[in-house]
$ cat coords-v4.txt   # compact mmCIF, C-alpha atoms
# COMPACT_ATOMS: atom_id res chain seq x y z
CA MET A 1 125.81 63.15 103.06
CA LEU A 2 124.65 65.74 105.58
CA LEU A 3 121.00 64.75 105.28
CA GLN A 4 121.23 60.98 105.04
CA HIS A 5 118.10 59.22 106.40
CA LYS A 6 116.19 62.53 106.45
CA ASN A 7 112.77 62.97 104.85
CA ALA A 8 112.06 66.36 103.24
CA ILE A 9 108.86 67.77 101.78
CA VAL A 10 109.27 70.53 99.19
CA TYR A 11 106.24 72.60 98.26
CA GLY A 12 106.51 74.29 94.88
CA ALA A 13 109.07 71.76 93.70
CA GLY A 14 108.46 72.54 90.05
CA GLY A 15 109.70 76.11 90.24
CA SER A 16 113.27 77.28 89.73
CA LEU A 17 114.32 77.61 93.36
CA GLY A 18 112.03 74.85 94.57
CA SER A 19 113.61 72.37 92.17
CA ALA A 20 117.15 73.59 92.92
CA VAL A 21 116.64 73.15 96.64
CA ALA A 22 114.97 69.76 96.19
CA GLU A 23 117.88 68.50 94.10
CA ALA A 24 120.42 69.79 96.63
CA LEU A 25 118.58 68.13 99.52
CA ALA A 26 118.53 64.86 97.61
CA GLN A 27 122.23 65.12 96.74
CA ALA A 28 122.90 65.56 100.45
CA GLY A 29 121.17 62.23 101.12
CA ALA A 30 117.58 63.19 101.91
CA ARG A 31 114.55 61.39 100.55
CA VAL A 32 112.53 64.21 99.00
CA PHE A 33 108.77 64.40 98.54
CA LEU A 34 108.03 66.81 95.74
CA THR A 35 104.68 68.57 95.59
CA GLY A 36 103.06 71.11 93.32
CA HIS A 37 100.15 71.68 90.97
CA ARG A 38 102.09 71.68 87.69
CA MET A 39 102.97 68.02 87.75
CA ALA A 40 104.98 68.02 84.52
CA SER A 41 107.61 70.32 86.03
CA VAL A 42 107.50 68.47 89.36
CA GLN A 43 108.11 65.22 87.49
CA GLN A 44 111.09 66.81 85.73
CA THR A 45 112.59 67.63 89.12
CA ALA A 46 112.04 64.05 90.27
CA ASP A 47 113.58 62.63 87.12
CA SER A 48 116.64 64.84 87.55
CA ILE A 49 117.07 63.66 91.13
CA LYS A 50 116.68 60.00 90.27
CA ALA A 51 119.12 60.33 87.36
CA THR A 52 121.86 61.13 89.87
CA GLY A 53 120.90 58.34 92.26
CA GLY A 54 118.67 60.34 94.57
CA GLN A 55 115.34 59.36 96.11
CA ALA A 56 112.26 61.32 95.09
CA GLU A 57 108.50 60.87 95.13
CA ILE A 58 105.91 63.22 93.69
CA ALA A 59 102.38 64.14 94.69
CA GLU A 60 99.87 66.71 93.49
CA VAL A 61 99.20 68.80 96.58
CA ASP A 62 97.40 72.12 96.71
CA ALA A 63 99.59 74.00 99.20
CA PHE A 64 96.74 76.46 99.83
CA ASN A 65 94.41 73.68 101.00
CA GLU A 66 94.78 72.66 104.62
CA GLU A 67 93.17 69.25 104.19
CA ALA A 68 95.38 68.36 101.21
CA VAL A 69 98.56 69.47 103.00
CA THR A 70 97.64 67.59 106.19
CA GLN A 71 96.70 64.37 104.40
CA HIS A 72 99.96 64.35 102.44
CA ILE A 73 102.29 65.03 105.36
CA ASN A 74 100.52 62.47 107.54
CA ALA A 75 100.87 59.88 104.76
CA VAL A 76 104.61 60.56 104.55
CA LYS A 77 104.92 60.33 108.32
CA GLN A 78 102.97 57.06 108.45
CA GLN A 79 104.96 55.40 105.69
CA TYR A 80 108.46 56.64 106.46
CA GLY A 81 108.38 57.37 110.20
CA THR A 82 109.47 61.01 110.22
CA VAL A 83 109.15 64.31 108.42
CA ASP A 84 112.45 66.05 109.08
CA ILE A 85 112.40 69.03 106.70
CA SER A 86 109.66 71.22 105.30
CA PHE A 87 110.51 73.80 102.64
CA ASN A 88 107.92 76.08 101.06
CA ALA A 89 108.89 77.71 97.76
CA VAL A 90 105.36 78.26 96.47
CA GLY A 91 105.15 81.34 94.28
CA VAL A 92 102.37 83.91 94.34
CA ASP A 93 101.50 86.38 91.59
CA VAL A 94 102.26 89.99 92.49
CA ILE A 95 102.14 93.32 90.69
CA GLN A 96 105.44 95.18 90.86
CA GLY A 97 106.84 98.28 89.21
CA VAL A 98 103.84 100.37 90.28
CA PRO A 99 103.92 102.98 93.10
CA LEU A 100 102.06 101.86 96.21
CA ILE A 101 99.65 104.77 96.08
CA GLU A 102 98.57 103.70 92.60
CA LEU A 103 97.84 100.08 93.54
CA SER A 104 94.37 98.85 94.40
CA VAL A 105 93.83 97.42 97.88
CA ASP A 106 93.34 93.94 96.41
CA ASP A 107 96.53 94.11 94.36
CA TYR A 108 98.50 95.03 97.47
CA VAL A 109 96.86 92.75 100.02
CA THR A 110 96.27 89.58 97.98
CA PRO A 111 99.94 88.51 97.57
CA VAL A 112 100.45 89.07 101.30
CA THR A 113 97.51 86.93 102.36
CA ARG A 114 98.19 84.25 99.75
CA SER A 115 101.87 83.99 100.69
CA LEU A 116 101.05 83.73 104.37
CA GLN A 117 98.24 81.27 103.76
CA THR A 118 100.37 78.60 102.13
CA ARG A 119 103.34 79.14 104.43
CA PHE A 120 101.18 79.05 107.53
CA LEU A 121 99.36 75.91 106.41
CA THR A 122 102.49 73.94 105.53
CA ALA A 123 104.35 75.09 108.65
CA LYS A 124 101.37 74.29 110.87
CA ALA A 125 101.13 70.77 109.46
CA ALA A 126 104.89 70.24 109.76
CA GLY A 127 104.97 71.62 113.30
CA GLN A 128 102.23 69.26 114.45
CA VAL A 129 104.08 66.24 113.04
CA MET A 130 107.54 67.36 114.18
CA LYS A 131 106.30 68.15 117.70
CA GLY A 132 105.44 64.49 118.19
CA GLN A 133 108.85 63.29 117.00
CA GLY A 134 110.80 65.96 118.91
CA SER A 135 112.77 67.34 115.98
CA GLY A 136 112.53 68.97 112.57
CA VAL A 137 113.41 71.97 110.43
CA ILE A 138 110.94 74.32 108.73
CA LEU A 139 112.38 76.57 106.02
CA PHE A 140 110.86 79.58 104.30
CA LEU A 141 112.12 81.66 101.38
CA THR A 142 111.93 85.43 101.08
CA ALA A 143 113.89 88.07 99.18
CA THR A 144 115.75 91.37 99.55
CA PRO A 145 112.64 93.42 100.54
CA GLY A 146 112.46 91.33 103.70
CA GLY A 147 115.48 93.22 104.99
CA ILE A 148 115.28 96.75 103.57
CA GLY A 149 112.86 99.21 102.07
CA TYR A 150 112.57 98.37 98.39
CA PRO A 151 110.42 100.68 96.25
CA LEU A 152 108.00 99.51 93.58
CA THR A 153 107.74 95.95 94.90
CA GLY A 154 104.06 96.22 95.79
CA GLY A 155 102.69 93.60 98.15
CA PHE A 156 105.75 91.42 97.65
CA ALA A 157 107.76 93.44 100.18
CA ALA A 158 105.05 93.13 102.81
CA ALA A 159 104.77 89.41 102.11
CA CYS A 160 108.51 88.99 102.69
CA ARG A 161 108.41 90.89 105.97
CA ALA A 162 105.33 89.01 107.15
CA THR A 163 106.88 85.64 106.28
CA GLU A 164 110.01 86.46 108.25
CA SER A 165 107.84 87.47 111.22
CA LEU A 166 105.92 84.19 110.97
CA SER A 167 109.21 82.30 110.90
CA THR A 168 110.54 84.03 114.01
CA ASN A 169 107.37 83.52 116.02
CA LEU A 170 107.10 79.87 115.02
CA ALA A 171 110.73 79.34 116.03
CA SER A 172 109.98 80.87 119.41
CA GLU A 173 106.98 78.62 120.01
CA LEU A 174 108.36 75.40 118.55
CA GLY A 175 111.95 75.50 119.77
CA THR A 176 111.02 73.79 123.02
CA TYR A 177 110.04 70.74 120.95
CA GLY A 178 113.39 70.59 119.16
CA ILE A 179 112.05 72.22 116.00
CA ARG A 180 114.05 74.92 114.19
CA VAL A 181 112.42 77.48 111.91
CA LEU A 182 114.43 79.67 109.53
CA THR A 183 114.07 81.96 106.56
CA ILE A 184 116.46 82.13 103.63
CA ARG A 185 116.52 85.65 102.21
CA SER A 186 117.53 85.51 98.55
CA GLY A 187 118.85 88.40 96.47
CA GLY A 188 117.34 87.29 93.17
CA SER A 189 119.16 84.64 91.14
CA PRO A 190 120.02 85.61 87.54
CA ASP A 191 119.99 81.95 86.51
CA SER A 192 116.42 81.44 87.70
CA ARG A 193 113.63 80.77 85.23
CA VAL A 194 111.99 84.16 85.75
CA PHE A 195 115.15 86.07 84.85
CA LYS A 196 115.92 83.80 81.89
CA ARG A 197 112.43 84.34 80.45
CA ALA A 198 112.68 88.08 81.03
CA MET A 199 116.06 88.13 79.33
CA GLU A 200 114.56 86.46 76.26
CA SER A 201 111.76 89.02 75.96
CA ALA A 202 113.61 92.21 76.96
CA PRO A 203 117.37 91.51 77.04
CA GLU A 204 118.63 95.10 77.28
CA MET A 205 116.20 96.08 80.01
CA VAL A 206 116.92 92.97 82.10
CA LYS A 207 120.68 93.30 81.58
CA ASP A 208 120.53 96.86 82.89
CA ALA A 209 118.43 95.79 85.88
CA LEU A 210 120.81 92.96 86.76
CA GLU A 211 123.82 95.26 86.54
CA LYS A 212 122.17 97.66 88.98
CA MET A 213 121.29 94.81 91.33
CA GLU A 214 124.87 93.52 91.20
CA ALA A 215 126.23 97.01 91.85
CA ASP A 216 124.22 97.16 95.06
CA THR A 217 125.79 93.98 96.46
CA MET A 218 128.95 93.92 98.54
CA LEU A 219 130.38 91.11 96.44
CA LYS A 220 129.36 92.69 93.12
CA GLN A 221 127.63 89.49 92.10
CA LEU A 222 124.19 88.08 92.70
CA PRO A 223 123.57 84.73 94.40
CA LEU A 224 122.89 81.86 92.04
CA MET A 225 120.24 79.23 92.68
CA ALA A 226 122.98 76.85 93.83
CA ASP A 227 123.95 79.33 96.55
CA ILE A 228 120.39 79.33 97.89
CA ALA A 229 120.12 75.56 97.62
CA GLN A 230 123.35 74.87 99.47
CA THR A 231 122.30 77.28 102.21
CA ALA A 232 119.11 75.25 102.59
CA VAL A 233 121.13 72.04 102.91
CA PHE A 234 123.35 73.56 105.61
CA LEU A 235 120.43 74.97 107.59
CA ALA A 236 118.55 71.68 107.42
CA SER A 237 121.58 69.74 108.66
CA ASP A 238 122.87 69.09 112.16
CA MET A 239 125.74 71.46 111.40
CA ALA A 240 123.23 74.27 111.96
CA SER A 241 121.64 72.65 115.02
CA LYS A 242 121.81 75.82 117.12
CA ILE A 243 120.59 78.24 114.44
CA THR A 244 116.90 79.14 114.57
CA GLY A 245 114.52 82.06 114.54
CA VAL A 246 116.51 84.19 112.08
CA ALA A 247 116.61 85.14 108.42
CA ILE A 248 119.82 84.00 106.79
CA ASP A 249 120.71 86.72 104.32
CA VAL A 250 122.00 85.33 101.02
CA THR A 251 121.78 88.60 99.10
CA ALA A 252 125.58 89.01 98.75
CA GLY A 253 125.34 91.93 101.14
CA THR A 254 122.55 93.92 99.49
CA THR A 255 120.55 94.51 102.66
CA ALA A 256 123.51 95.68 104.77
CA ALA A 257 124.67 98.88 103.06
CA LEU A 258 124.39 101.26 100.10
CA ASN A 259 126.80 99.20 98.06
CA TYR A 260 126.24 100.86 94.68
CA ARG A 261 128.41 103.74 95.93
CA VAL A 262 131.44 101.43 95.98
CA PRO A 263 132.83 100.82 92.48
CA ARG A 264 133.87 97.42 91.26
CA HIS A 265 137.48 96.57 92.02
CA HIS A 266 139.20 94.00 89.85
CA VAL A 267 141.81 92.16 91.87
CA SER A 268 145.04 91.55 90.03
CA SER A 269 145.65 87.93 89.17
CA SER A 270 149.45 88.30 89.03
CA PRO A 271 151.25 85.32 90.58
CA GLN A 272 152.64 85.66 94.06
CA SER A 273 156.35 85.35 94.57

$ encode --input "coords-v4.txt" --output "structure tokens"
Amino acid sequence: MLLQHKNAIVYGAGGSLGSAVAEALAQAGARVFLTGHRMASVQQTADSIKATGGQAEIAEVDAFNEEAVTQHINAVKQQYGTVDISFNAVGVDVIQGVPLIELSVDDYVTPVTRSLQTRFLTAKAAGQVMKGQGSGVILFLTATPGGIGYPLTGGFAAACRATESLSTNLASELGTYGIRVLTIRSGGSPDSRVFKRAMESAPEMVKDALEKMEADTMLKQLPLMADIAQTAVFLASDMASKITGVAIDVTAGTTAALNYRVPRHHVSSSPQS
């Protein structure tokens, strides 16, 4: 129980990765406070946590509204004494698959500003609370474009880079108060809701895309949601007490090399003598 007696707020707890991380935090012993604007899916996450003996509370919080975020986190602090973990998994609509020079300014800039708005607001509120208690962990989530050039990702790539910059600068400013700030860089999880829905509507196209994504990993497999969630648990725990100010790359090696040039190698499963 790495996170026993810890209180964690998850923004965007009704989404695929938000719910996976929330459930993993709860399984590790944390009391989780689930927020979102689609309360039916947030409630499903809470029910799943409680079904396995975890502690979860839900609240409708607009993570783009500073007053709403501040009121909620202060209420948690007042009732339970501390806010130990803040994780923002709020999604933002973005147009991808279109060359940058064919995008409108609004289509490029809006996902950047919206992503930064919610992450800045939730991190600011968490930092103010955690500063007073002298400890805490703030976690962000980005994706592969945060680490390499990635064509046809529109404003999403810039949003990833900007979020990682925000994370590093916050870590630099808040470290003196015992607060750690980190980014988890995901490679795209094939078991996430977005891929499952895409697979239902265009199975051949999505299958081809996933095969190409897998080919460009060192491990020749993409990270599942559980891989991202367990990374969040580790980073939020005291086992990672000296890790801050960095993006933890959970892309199975995508951002480190041109891995598609290396063919798959099937290791023989013959028994050893």

$ closest_residue --input "coords-v4.txt" --among "A:Asp84, A:Glu57, A:Glu66, A:Glu164" --to "Asp249 (chain A)" --atoms "all atoms listed in the file"
A:Glu164

$ residues_around --input "coords-v4.txt" --residues "Phe140 (chain A)" --least-positions-apart "4" --cutoff "10 Å" --atoms "all atoms listed in the file" --output "CSV table (one decimal) with C-alpha atoms, in the frame of the given file"
chain,number,residue,atom,x,y,z
A,86,SER,CA,109.7,71.2,105.3
A,87,PHE,CA,110.5,73.8,102.6
A,88,ASN,CA,107.9,76.1,101.1
A,89,ALA,CA,108.9,77.7,97.8
A,90,VAL,CA,105.4,78.3,96.5
A,119,ARG,CA,103.3,79.1,104.4
A,123,ALA,CA,104.4,75.1,108.6
A,160,CYS,CA,108.5,89.0,102.7
A,163,THR,CA,106.9,85.6,106.3
A,164,GLU,CA,110.0,86.5,108.2
A,166,LEU,CA,105.9,84.2,111.0
A,167,SER,CA,109.2,82.3,110.9
A,181,VAL,CA,112.4,77.5,111.9
A,182,LEU,CA,114.4,79.7,109.5
A,183,THR,CA,114.1,82.0,106.6
A,184,ILE,CA,116.5,82.1,103.6
A,185,ARG,CA,116.5,85.6,102.2
A,232,ALA,CA,119.1,75.2,102.6
A,247,ALA,CA,116.6,85.1,108.4

$ residues_around --input "coords-v4.txt" --residues "region 126-135 of chain A" --least-positions-apart "3" --cutoff "8 Å" --atoms "only C-alpha atoms" --output "ChimeraX atom specification"
/A:73-74,77,82-84,86,122-123,138,174,177-180

$ write_last_selection --input "coords-v4.txt" --atoms "C-alpha atoms" --output "compact mmCIF listing (two decimals), keeping the file's coordinate frame"
# COMPACT_ATOMS: atom_id res chain seq x y z
CA ILE A 73 102.29 65.03 105.36
CA ASN A 74 100.52 62.47 107.54
CA LYS A 77 104.92 60.33 108.32
CA THR A 82 109.47 61.01 110.22
CA VAL A 83 109.15 64.31 108.42
CA ASP A 84 112.45 66.05 109.08
CA SER A 86 109.66 71.22 105.30
CA THR A 122 102.49 73.94 105.53
CA ALA A 123 104.35 75.09 108.65
CA ILE A 138 110.94 74.32 108.73
CA LEU A 174 108.36 75.40 118.55
CA TYR A 177 110.04 70.74 120.95
CA GLY A 178 113.39 70.59 119.16
CA ILE A 179 112.05 72.22 116.00
CA ARG A 180 114.05 74.92 114.19

$ atom_distance --input "coords-v4.txt" --atom1 "CA of Leu2 (chain A)" --atom2 "CA of Ile58 (chain A)"
22.3 Å

$ residues_around --input "coords-v4.txt" --residues "Gly154 (chain A)" --least-positions-apart "3" --cutoff "10 Å" --atoms "all atoms listed in the file" --output "list of chain:residue names"
A:Val94, A:Ile95, A:Gln96, A:Gly97, A:Val98, A:Pro99, A:Leu100, A:Ile101, A:Glu102, A:Leu103, A:Asp107, A:Tyr108, A:Val109, A:Pro111, A:Val112, A:Tyr150, A:Pro151, A:Ala157, A:Ala158, A:Ala159

$ closest_residue --input "coords-v4.txt" --among "A:Ser192, A:Gln221, A:Thr244, A:Ser16" --to "Val42 (chain A)" --atoms "only C-alpha atoms"
A:Ser16

$ closest_residue --input "coords-v4.txt" --among "A:Ala171, A:His265, A:Gln117, A:Gly91" --to "Leu139 (chain A)" --atoms "only C-alpha atoms"
A:Ala171

$ closest_residue --input "coords-v4.txt" --among "A:Pro145, A:Pro203, A:Gly36, A:Gly29" --to "Gly12 (chain A)" --atoms "all atoms listed in the file"
A:Gly36

$ residues_around --input "coords-v4.txt" --residues "Asn169 (chain A)" --least-positions-apart "4" --cutoff "8 Å" --atoms "only C-alpha atoms" --output "MDAnalysis selection string"
chainID A and resid 165 173 245

$ closest_residue --input "coords-v4.txt" --among "A:Val10, A:Ala162, A:Val92, A:Ile85" --to "Glu60 (chain A)" --atoms "all atoms listed in the file"
A:Val10

$ residues_around --input "coords-v4.txt" --residues "Leu258 (chain A)" --least-positions-apart "3" --cutoff "9 Å" --atoms "all atoms listed in the file" --output "PyMOL selection string"
chain A and resi 216-218+254-255+261-262

$ closest_residue --input "coords-v4.txt" --among "A:Thr113, A:Gly147, A:Met213, A:Asp62" --to "Ile248 (chain A)" --atoms "all atoms listed in the file"
A:Gly147

$ atom_distance --input "coords-v4.txt" --atom1 "CA of Met1 (chain A)" --atom2 "CA of Ala59 (chain A)"
24.9 Å

$ atom_distance --input "coords-v4.txt" --atom1 "CA of Ser48 (chain A)" --atom2 "CA of Phe234 (chain A)"
21.1 Å

$ residues_near_point --input "coords-v4.txt" --point "(115.0, 69.3, 94.6)" --cutoff "8 Å" --atoms "only C-alpha atoms" --output "ChimeraX atom specification"
/A:10,13,18-26,32,34,45-46,49

$ decode --input "coords-v4.txt" --residues "region 100-128 of chain A" --atoms "N, CA and C atoms" --output "tab-separated table (two decimals), in the first residue's frame"
chain	number	residue	atom	x	y	z
A	100	LEU	N	0.25	21.32	-40.77
A	100	LEU	CA	0.21	22.56	-40.00
A	100	LEU	C	-0.13	23.77	-40.87
A	101	ILE	N	0.42	23.81	-42.08
A	101	ILE	CA	0.20	24.98	-42.91
A	101	ILE	C	-1.21	25.04	-43.49
A	102	GLU	N	-2.00	24.02	-43.23
A	102	GLU	CA	-3.40	24.03	-43.67
A	102	GLU	C	-4.37	24.24	-42.51
A	103	LEU	N	-3.84	24.35	-41.29
A	103	LEU	CA	-4.68	24.59	-40.12
A	103	LEU	C	-4.94	26.09	-39.96
A	104	SER	N	-6.10	26.43	-39.42
A	104	SER	CA	-6.34	27.81	-39.04
A	104	SER	C	-5.58	28.11	-37.76
A	105	VAL	N	-5.37	29.39	-37.49
A	105	VAL	CA	-4.68	29.79	-36.26
A	105	VAL	C	-5.44	29.28	-35.04
A	106	ASP	N	-6.75	29.42	-35.05
A	106	ASP	CA	-7.56	28.98	-33.91
A	106	ASP	C	-7.45	27.48	-33.68
A	107	ASP	N	-7.48	26.70	-34.77
A	107	ASP	CA	-7.40	25.25	-34.63
A	107	ASP	C	-6.05	24.82	-34.06
A	108	TYR	N	-5.01	25.58	-34.34
A	108	TYR	CA	-3.69	25.24	-33.80
A	108	TYR	C	-3.53	25.73	-32.37
A	109	VAL	N	-3.94	26.96	-32.11
A	109	VAL	CA	-3.65	27.58	-30.81
A	109	VAL	C	-4.61	27.13	-29.71
A	110	THR	N	-5.87	26.91	-30.05
A	110	THR	CA	-6.87	26.61	-29.01
A	110	THR	C	-6.53	25.40	-28.16
A	111	PRO	N	-6.14	24.24	-28.71
A	111	PRO	CA	-5.80	23.12	-27.83
A	111	PRO	C	-4.59	23.39	-26.95
A	112	VAL	N	-3.69	24.25	-27.40
A	112	VAL	CA	-2.53	24.61	-26.57
A	112	VAL	C	-2.98	25.42	-25.36
A	113	THR	N	-3.76	26.48	-25.63
A	113	THR	CA	-4.18	27.34	-24.54
A	113	THR	C	-5.14	26.63	-23.59
A	114	ARG	N	-6.02	25.79	-24.14
A	114	ARG	CA	-6.97	25.07	-23.28
A	114	ARG	C	-6.25	24.05	-22.41
A	115	SER	N	-5.30	23.33	-22.99
A	115	SER	CA	-4.54	22.35	-22.21
A	115	SER	C	-3.77	23.03	-21.08
A	116	LEU	N	-3.11	24.13	-21.42
A	116	LEU	CA	-2.34	24.84	-20.39
A	116	LEU	C	-3.24	25.47	-19.35
A	117	GLN	N	-4.40	25.94	-19.77
A	117	GLN	CA	-5.31	26.59	-18.82
A	117	GLN	C	-5.69	25.65	-17.68
A	118	THR	N	-6.18	24.48	-18.02
A	118	THR	CA	-6.62	23.57	-16.96
A	118	THR	C	-5.45	23.05	-16.14
A	119	ARG	N	-4.34	22.76	-16.80
A	119	ARG	CA	-3.19	22.24	-16.05
A	119	ARG	C	-2.56	23.30	-15.15
A	120	PHE	N	-2.53	24.53	-15.64
A	120	PHE	CA	-2.02	25.61	-14.80
A	120	PHE	C	-2.92	25.85	-13.60
A	121	LEU	N	-4.24	25.89	-13.84
A	121	LEU	CA	-5.17	26.16	-12.75
A	121	LEU	C	-5.11	25.10	-11.66
A	122	THR	N	-5.13	23.82	-12.06
A	122	THR	CA	-5.12	22.76	-11.05
A	122	THR	C	-3.78	22.68	-10.34
A	123	ALA	N	-2.68	22.91	-11.07
A	123	ALA	CA	-1.36	22.88	-10.44
A	123	ALA	C	-1.17	24.07	-9.51
A	124	LYS	N	-1.67	25.22	-9.91
A	124	LYS	CA	-1.57	26.42	-9.06
A	124	LYS	C	-2.30	26.19	-7.74
A	125	ALA	N	-3.52	25.67	-7.83
A	125	ALA	CA	-4.31	25.41	-6.62
A	125	ALA	C	-3.63	24.38	-5.74
A	126	ALA	N	-3.11	23.31	-6.36
A	126	ALA	CA	-2.43	22.27	-5.59
A	126	ALA	C	-1.17	22.82	-4.95
A	127	GLY	N	-0.40	23.61	-5.71
A	127	GLY	CA	0.84	24.15	-5.19
A	127	GLY	C	0.61	25.04	-3.99
A	128	GLN	N	-0.45	25.83	-4.02
A	128	GLN	CA	-0.74	26.72	-2.89
A	128	GLN	C	-1.09	25.93	-1.64
